[in-house]
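K.L.:
Right, I'll just put the structure down here and ask away after.
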Amino acid sequence: MKVGVCYSRIRKDEKLLLNELRDRGHEVEKIDVRKLTFDVADTHEAFEDLDIVVDRCLATSRSLYVTRFAESYGVPIVNSHETADVCADKAKNSLALEDAGVPTPATKVAFTKETALEAIESFGYPCVIKPVVGSWGRLMAKIDSRDAAEAILEHKATLGHYEHKVFYVQEYVDKPDRDIRVLATDGEPIAGMVRSSDHWITNAAKGATTDVFELDEQARALVARASEAVGGGLLGIDLMEIADPEGGDRYTVHEINHTVEFKALQEAVDIDVPGAVVDWLEAKVASEAAEVTSG
Amino acid sequence: MTDDADSNVAEDPITGEEIELPADVEVGEIVDNPVTGAELEVVSVDPIVLEEAPELEEDWGE
Ligand SMILES: Nc1ncnc2c1ncn2[C@@H]1O[C@H](COP(=O)(O)OP(=O)(O)OP(=O)(O)O)[C@@H](O)[C@H]1O
C-alpha cells in the first residue's frame, strides 16, 4: 500500500512507524506539513494516489487542519478529523466521554475568573485546573486553597492566550501514584502501561517509571467504549484507578489522545507496537478497498 | 570520531562540533547532541545538514 505520513518532526515514534512500513515493503510518502500549502480546491500532489494517510502532526492546530484537508481531498486519514477535533480539546473530550456514559472525572468549564472560582469552590480542595489545549501535563495546576485558586485564575486571565480564558476545572481523583495508558486501534487494545511517580502528574513527571499493564475485563470494556465515543482510530486512552471506588467503577477515563506516542510504551512492553499499528493500517486499507469494489 | 559504514557525522550548528549520528538518519528526524542535549533537526541527508530544532510550542503534544 501507499501510505502518507504527515509530520513536522520525526521522533522515535515516527521513526518506528516509518521503519515498520518500509520493512514490510509499503511505499511511504513523507509529508512535512511545514513545506506545503493547502489549496481548498485542488488536491495537493503529495496526497495523490495515497491509500491512507497517518496524521503525526505534533502541533494540534496543524493536525486539525491537515485532517480536514485530507478528507476534503478524498484521502482516508487516521485519525479522522472528527476524532482529532474531539481529542484536541479537553472540554470536548470530557463531553464525549460523559455523553457516552464512560466514567470520567467530574468537570466544569467557565469563562470568567468569577465563575471559575465558583466551579473550583464547588469541587472543594484540592481540585485541578487544566488548559483545554495542551499536553504532557503542561500548565496544569492542582489547587489546594482559595488563595491559590485566586492567584492561578488571575495569572491565567491576565497572561494567557485566549484559550486560557476557558477555564477547565476538574475534581481531584484520589488515585494510586500512577495512571494507565492504553494504546488501542478502533477500541481493541494493543498494549497498556502504568506510569508511576510521586508527583501528582504521573504521566509526564521527571523520574516517572513505566511498567506493563495487563487489562482486565473492565478496562477492556472502557477502552472500547471510550474509543467509540470519539469516533475510533489509533488512540491513546488514559485511565486512572479510583483508590476507593463507591460503585462498581474501578477506573475513570480522563482523556483520549489522537496523535499518540508509543515509544515509551514500546520500551515498557514485549509486544511489537509499531507492528500492531501497521497490521491495523493494512487491515483498514484492505477493508476500504473491499468496500470500493463491492460498491 | 569513527567513520565506519554504520554511522554518520555532521556538524552541530550550535557548537560547531562534529557529532555522530546513526546510519539511517532521515530528513525531518530530531537528534540530540549527546553532550549539550540540544535538539537538532536533520534538514538534508546527502550531505547531512543539521539545524537547531524549532522550540516547543504550546499546542504541541499528543
Ligand atoms: N483530575 C485529576 N486528578 C488527579 N490526577 C490527575 C487528574 N487529571 C490528571 N491527573 C494526572 O495528571 C496527568 C496528566 O493529565 P492529563 O492527561 O489530563 O494531561 P495532558 O497534559 O493532556 O497529558 P497527555 O496529553 O500527555 O496525556 C495524568 O496522567 C494524571 O496522573
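Lettering and numbering for the C-alpha cells are positional, with chains as A, B, ... in the shown order, residues counted from 1 in each chain, and ligands counted from 1 in the shown order.
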Counting only C-alpha atoms, what is within 12 Å of Pro245 of chain A, bar same-chain residues fewer than 5 positions away, as a list of chain:residue names?
P.N.:
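Non-adjacent residues within range: A:Pro103, A:Val173, A:Asp174, A:Lys175, A:Met240, A:Arg250, A:Tyr251, A:Thr252.
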K.L.:
Need to verify the contact set: segment 112-123 of chain A, 10 Å, only C-alpha atoms, exclusion of same-chain residues closer than 2 positions in sequence. Can you return it as a list in words?
P.N.:
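Here the qualifying residues turn out to be Ala106, Thr107, Lys108, Val109, Ala110, Tyr125, Pro126, Cys127, Val128, Ile129, Ile143, Ser145, Arg146, Ala149, Glu150, Ile152, Leu153, Glu154, Lys156, Ala157, Lys165, Val166, Phe167, Tyr168, Val169, Gln170, Glu171 and Tyr172 of chain A.
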K.L.:
Output as an mmCIF file with N, CA, C and O atoms, in the first residue's frame the set of chain A residues within 6 Å of chain B, with distances taken over only C-alpha atoms.
P.N.:
data_model
loop_
_atom_site.group_PDB
_atom_site.id
_atom_site.type_symbol
_atom_site.label_atom_id
_atom_site.label_comp_id
_atom_site.auth_asym_id
_atom_site.auth_seq_id
_atom_site.Cartn_x
_atom_site.Cartn_y
_atom_site.Cartn_z
ATOM 1 N N ARG A 9 8.019 16.681 12.704
ATOM 2 C CA ARG A 9 9.212 16.182 13.386
ATOM 3 C C ARG A 9 9.179 14.673 13.317
ATOM 4 O O ARG A 9 8.149 14.077 13.631
ATOM 5 N N ILE A 10 10.289 14.086 12.939
ATOM 6 C CA ILE A 10 10.396 12.632 13.020
ATOM 7 C C ILE A 10 11.042 12.315 14.368
ATOM 8 O O ILE A 10 12.252 12.480 14.535
ATOM 9 N N ARG A 11 10.212 11.915 15.307
ATOM 10 C CA ARG A 11 10.738 11.498 16.610
ATOM 11 C C ARG A 11 10.929 9.986 16.561
ATOM 12 O O ARG A 11 10.672 9.348 15.552
ATOM 13 N N LEU A 58 2.583 17.114 15.333
ATOM 14 C CA LEU A 58 2.804 17.346 16.746
ATOM 15 C C LEU A 58 1.993 18.552 17.224
ATOM 16 O O LEU A 58 1.575 18.618 18.368
ATOM 17 N N ALA A 59 1.789 19.490 16.325
ATOM 18 C CA ALA A 59 1.044 20.695 16.673
ATOM 19 C C ALA A 59 -0.440 20.428 16.449
ATOM 20 O O ALA A 59 -0.858 20.093 15.342
ATOM 21 N N THR A 60 -1.208 20.576 17.498
ATOM 22 C CA THR A 60 -2.643 20.307 17.433
ATOM 23 C C THR A 60 -3.322 21.145 16.359
ATOM 24 O O THR A 60 -4.179 20.661 15.627
ATOM 25 N N GLY A 134 -3.439 21.347 25.033
ATOM 26 C CA GLY A 134 -2.101 21.196 25.590
ATOM 27 C C GLY A 134 -1.887 19.759 25.986
ATOM 28 O O GLY A 134 -2.809 18.964 25.968
ATOM 29 N N SER A 135 -0.667 19.456 26.295
ATOM 30 C CA SER A 135 -0.339 18.057 26.543
ATOM 31 C C SER A 135 0.862 17.968 27.470
ATOM 32 O O SER A 135 1.404 18.982 27.886
ATOM 33 N N ASN A 257 -6.050 10.566 23.567
ATOM 34 C CA ASN A 257 -5.089 11.292 22.726
ATOM 35 C C ASN A 257 -5.156 10.780 21.298
ATOM 36 O O ASN A 257 -5.168 9.577 21.069
ATOM 37 N N THR A 259 -2.970 11.845 18.586
ATOM 38 C CA THR A 259 -1.699 11.654 17.874
ATOM 39 C C THR A 259 -0.752 11.006 18.886
ATOM 40 O O THR A 259 0.197 11.611 19.365
ATOM 41 N N VAL A 260 -1.051 9.782 19.172
ATOM 42 C CA VAL A 260 -0.486 9.121 20.344
ATOM 43 C C VAL A 260 0.979 8.733 20.138
ATOM 44 O O VAL A 260 1.380 8.298 19.066
#
K.L.:
Would you kindly return, as an MDAnalysis selection string, each protein, DNA or RNA residue with an atom no farther than 12 Å from any atom of Leu265 of chain A, considering only C-alpha atoms and excluding same-chain residues fewer than 3 positions away?
P.N.:
chainID A and resid 12:13 180:184 190:195 203 209:213 236 260:262 268:274
K.L.:
For the selection you just gave me, I'd like the residues written to a file as a short mmCIF file (atom, residue, chain, number, x, y, z; two decimals), in the first residue's frame, keeping N, CA, C and O atoms.
P.N.:
data_model
loop_
_atom_site.label_atom_id
_atom_site.label_comp_id
_atom_site.auth_asym_id
_atom_site.auth_seq_id
_atom_site.Cartn_x
_atom_site.Cartn_y
_atom_site.Cartn_z
N LYS A 12 11.31 9.40 17.69
CA LYS A 12 11.47 7.94 17.73
C LYS A 12 10.16 7.27 17.32
O LYS A 12 10.17 6.26 16.62
N ASP A 13 9.05 7.84 17.74
CA ASP A 13 7.74 7.24 17.44
C ASP A 13 7.52 7.13 15.93
O ASP A 13 7.13 6.09 15.41
N ILE A 180 -2.78 5.08 33.86
CA ILE A 180 -2.67 4.00 32.88
C ILE A 180 -2.81 4.57 31.48
O ILE A 180 -3.67 5.41 31.22
N ARG A 181 -1.96 4.12 30.58
CA ARG A 181 -2.08 4.47 29.16
C ARG A 181 -2.34 3.18 28.39
O ARG A 181 -1.59 2.22 28.53
N VAL A 182 -3.41 3.17 27.62
CA VAL A 182 -3.68 2.04 26.74
C VAL A 182 -3.63 2.53 25.30
O VAL A 182 -4.28 3.53 24.96
N LEU A 183 -2.86 1.85 24.48
CA LEU A 183 -2.85 2.16 23.05
C LEU A 183 -3.84 1.20 22.39
O LEU A 183 -3.76 -0.01 22.60
N ALA A 184 -4.77 1.76 21.64
CA ALA A 184 -5.81 0.92 21.05
C ALA A 184 -6.07 1.31 19.61
O ALA A 184 -5.90 2.48 19.23
N ILE A 190 -3.83 -2.61 21.99
CA ILE A 190 -2.57 -3.21 21.54
C ILE A 190 -1.75 -3.56 22.79
O ILE A 190 -1.23 -4.65 22.92
N ALA A 191 -1.64 -2.59 23.68
CA ALA A 191 -0.88 -2.81 24.92
C ALA A 191 -1.21 -1.69 25.90
O ALA A 191 -1.75 -0.65 25.51
N GLY A 192 -0.85 -1.93 27.14
CA GLY A 192 -1.09 -0.91 28.17
C GLY A 192 0.12 -0.81 29.08
O GLY A 192 0.92 -1.73 29.19
N MET A 193 0.25 0.37 29.69
CA MET A 193 1.33 0.54 30.68
C MET A 193 0.83 1.42 31.81
O MET A 193 -0.09 2.22 31.63
N VAL A 194 1.46 1.24 32.97
CA VAL A 194 1.21 2.18 34.06
C VAL A 194 2.39 3.12 34.13
O VAL A 194 3.53 2.74 33.83
N ARG A 195 2.09 4.36 34.51
CA ARG A 195 3.14 5.36 34.66
C ARG A 195 3.09 5.83 36.11
O ARG A 195 2.05 6.35 36.55
N ASN A 203 2.13 11.10 34.52
CA ASN A 203 2.50 10.65 33.17
C ASN A 203 3.72 11.35 32.61
O ASN A 203 4.42 10.80 31.78
N THR A 209 8.23 6.29 36.24
CA THR A 209 8.62 4.98 35.75
C THR A 209 7.43 4.31 35.09
O THR A 209 6.28 4.63 35.38
N THR A 210 7.72 3.39 34.17
CA THR A 210 6.64 2.72 33.48
C THR A 210 6.74 1.22 33.69
O THR A 210 7.81 0.68 33.97
N ASP A 211 5.61 0.58 33.57
CA ASP A 211 5.57 -0.88 33.67
C ASP A 211 4.38 -1.37 32.85
O ASP A 211 3.45 -0.61 32.61
N VAL A 212 4.44 -2.63 32.47
CA VAL A 212 3.36 -3.15 31.67
C VAL A 212 2.06 -3.21 32.50
O VAL A 212 2.09 -3.42 33.70
N PHE A 213 0.95 -2.94 31.83
CA PHE A 213 -0.36 -3.04 32.49
C PHE A 213 -1.20 -4.06 31.72
O PHE A 213 -1.42 -3.92 30.52
N GLY A 236 -4.60 6.88 22.17
CA GLY A 236 -4.00 6.66 23.48
C GLY A 236 -5.06 6.99 24.51
O GLY A 236 -5.45 8.15 24.64
N VAL A 260 -1.05 9.78 19.17
CA VAL A 260 -0.49 9.12 20.34
C VAL A 260 0.98 8.73 20.14
O VAL A 260 1.38 8.30 19.07
N GLU A 261 1.75 8.92 21.20
CA GLU A 261 3.15 8.49 21.18
C GLU A 261 3.20 7.04 21.62
O GLU A 261 2.41 6.61 22.44
N PHE A 262 4.17 6.28 21.09
CA PHE A 262 4.26 4.90 21.55
C PHE A 262 5.67 4.43 21.85
O PHE A 262 5.89 3.28 22.16
N ALA A 268 8.18 -0.35 27.43
CA ALA A 268 7.62 -0.96 28.64
C ALA A 268 7.06 -2.37 28.41
O ALA A 268 6.93 -3.14 29.35
N VAL A 269 6.71 -2.69 27.17
CA VAL A 269 6.03 -3.97 26.94
C VAL A 269 6.80 -4.85 25.94
O VAL A 269 7.68 -4.36 25.23
N ASP A 270 6.42 -6.11 25.88
CA ASP A 270 7.11 -7.04 24.96
C ASP A 270 6.45 -7.10 23.58
O ASP A 270 6.97 -7.74 22.68
N ILE A 271 5.31 -6.46 23.47
CA ILE A 271 4.58 -6.53 22.20
C ILE A 271 5.25 -5.65 21.15
O ILE A 271 5.84 -4.62 21.48
N ASP A 272 5.15 -6.04 19.90
CA ASP A 272 5.69 -5.24 18.80
C ASP A 272 4.66 -4.16 18.46
O ASP A 272 3.74 -4.39 17.69
N VAL A 273 4.82 -2.99 19.07
CA VAL A 273 3.80 -1.95 18.95
C VAL A 273 3.66 -1.40 17.53
O VAL A 273 2.57 -1.40 16.97
N PRO A 274 4.76 -0.94 16.90
CA PRO A 274 4.59 -0.46 15.53
C PRO A 274 4.06 -1.55 14.59
O PRO A 274 3.29 -1.25 13.67
#
K.L.:
Output as a count of residues only all residues of chain B that backbone DSSP marks as strand (DSSP E or B).
P.N.:
27
K.L.:
Choose the residue, out of A:Trp136, A:Phe38, A:Tyr73, A:Trp280, that has the smallest atom-to-atom separation from ligand 1; count only C-alpha atoms and all ligand atoms.
P.N.:
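Of A:Trp136, A:Phe38, A:Tyr73, A:Trp280, the one nearest ligand 1 is A:Trp136, counting only C-alpha atoms and all ligand atoms.
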K.L.:
Write out as a list in words which residues come within 7 Å of segment 6-12 of chain B when counting only C-alpha atoms, dropping same-chain ones fewer than 4 positions away.
P.N.:
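Counting only C-alpha atoms, the residues come to Gly16, Glu17, Glu18, Ile19, Glu20, Leu21, Pro22, Ala23, Ile48, Val49 and Leu50 of chain B.
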K.L.:
Rounded to one decimal place, report the atom CA of Arg178 of chain A-atom CA of Ser197 of chain A distance in Å.
P.N.:
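Going from atom CA of Arg178 of chain A over to atom CA of Ser197 of chain A covers 6.2 Å.
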K.L.:
Show which residues sit within 10 Å of Asn93 of chain A, as a PDB file with C-alpha atoms, in the first residue's frame. Count only C-alpha atoms, and ignore same-chain residues fewer than 3 positions away.
P.N.:
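part_27.pdb, freshly written:
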ATOM      1  CA  THR A  83     -11.694  12.308  16.224  1.00  0.00           C
ATOM      2  CA  ALA A  84      -8.944  14.923  16.158  1.00  0.00           C
ATOM      3  CA  ASP A  85     -11.446  17.665  16.836  1.00  0.00           C
ATOM      4  CA  VAL A  86     -12.836  15.966  19.923  1.00  0.00           C
ATOM      5  CA  CYS A  87      -9.494  14.812  21.272  1.00  0.00           C
ATOM      6  CA  ALA A  88      -7.677  18.090  20.686  1.00  0.00           C
ATOM      7  CA  ASP A  89      -9.846  19.883  23.215  1.00  0.00           C
ATOM      8  CA  LYS A  90     -10.203  18.664  26.779  1.00  0.00           C
ATOM      9  CA  ALA A  96     -17.848  12.971  24.510  1.00  0.00           C
ATOM     10  CA  LEU A  97     -16.925  10.597  27.333  1.00  0.00           C
ATOM     11  CA  GLU A  98     -19.770  11.794  29.530  1.00  0.00           C
ATOM     12  CA  ASP A  99     -22.277  11.602  26.676  1.00  0.00           C
ATOM     13  CA  THR A 104     -14.785  10.345  33.583  1.00  0.00           C
ATOM     14  CA  VAL A 132      -8.239  22.934  27.197  1.00  0.00           C
ATOM     15  CA  ALA A 226     -14.078   5.434  25.085  1.00  0.00           C
ATOM     16  CA  ALA A 229     -17.107   7.886  21.936  1.00  0.00           C
ATOM     17  CA  VAL A 230     -14.536   9.832  19.924  1.00  0.00           C
ATOM     18  CA  HIS A 254      -9.603  11.260  31.923  1.00  0.00           C
ATOM     19  CA  GLU A 255      -8.613  11.713  28.333  1.00  0.00           C
ATOM     20  CA  ILE A 256      -8.056  10.293  24.880  1.00  0.00           C
ATOM     21  CA  ASN A 257      -5.089  11.292  22.726  1.00  0.00           C
TER      22      ASN A 257
END
K.L.:
When you draw a straight line from atom CA of Thr202 of chain A to atom 2 (C, counted along the ligand's line) of ligand 1, how long is it in Å?
P.N.:
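Atom-to-atom, atom CA of Thr202 of chain A to atom 2 (C, counted along the ligand's line) of ligand 1, that is 10.2 Å.
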K.L.:
Report, in Å to a single decimal, how far apart atom CA of Ala70 of chain A and atom CA of Ala91 of chain A are.
P.N.:
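Spanning atom CA of Ala91 of chain A to atom CA of Ala70 of chain A is a straight-line distance of 24.9 Å.
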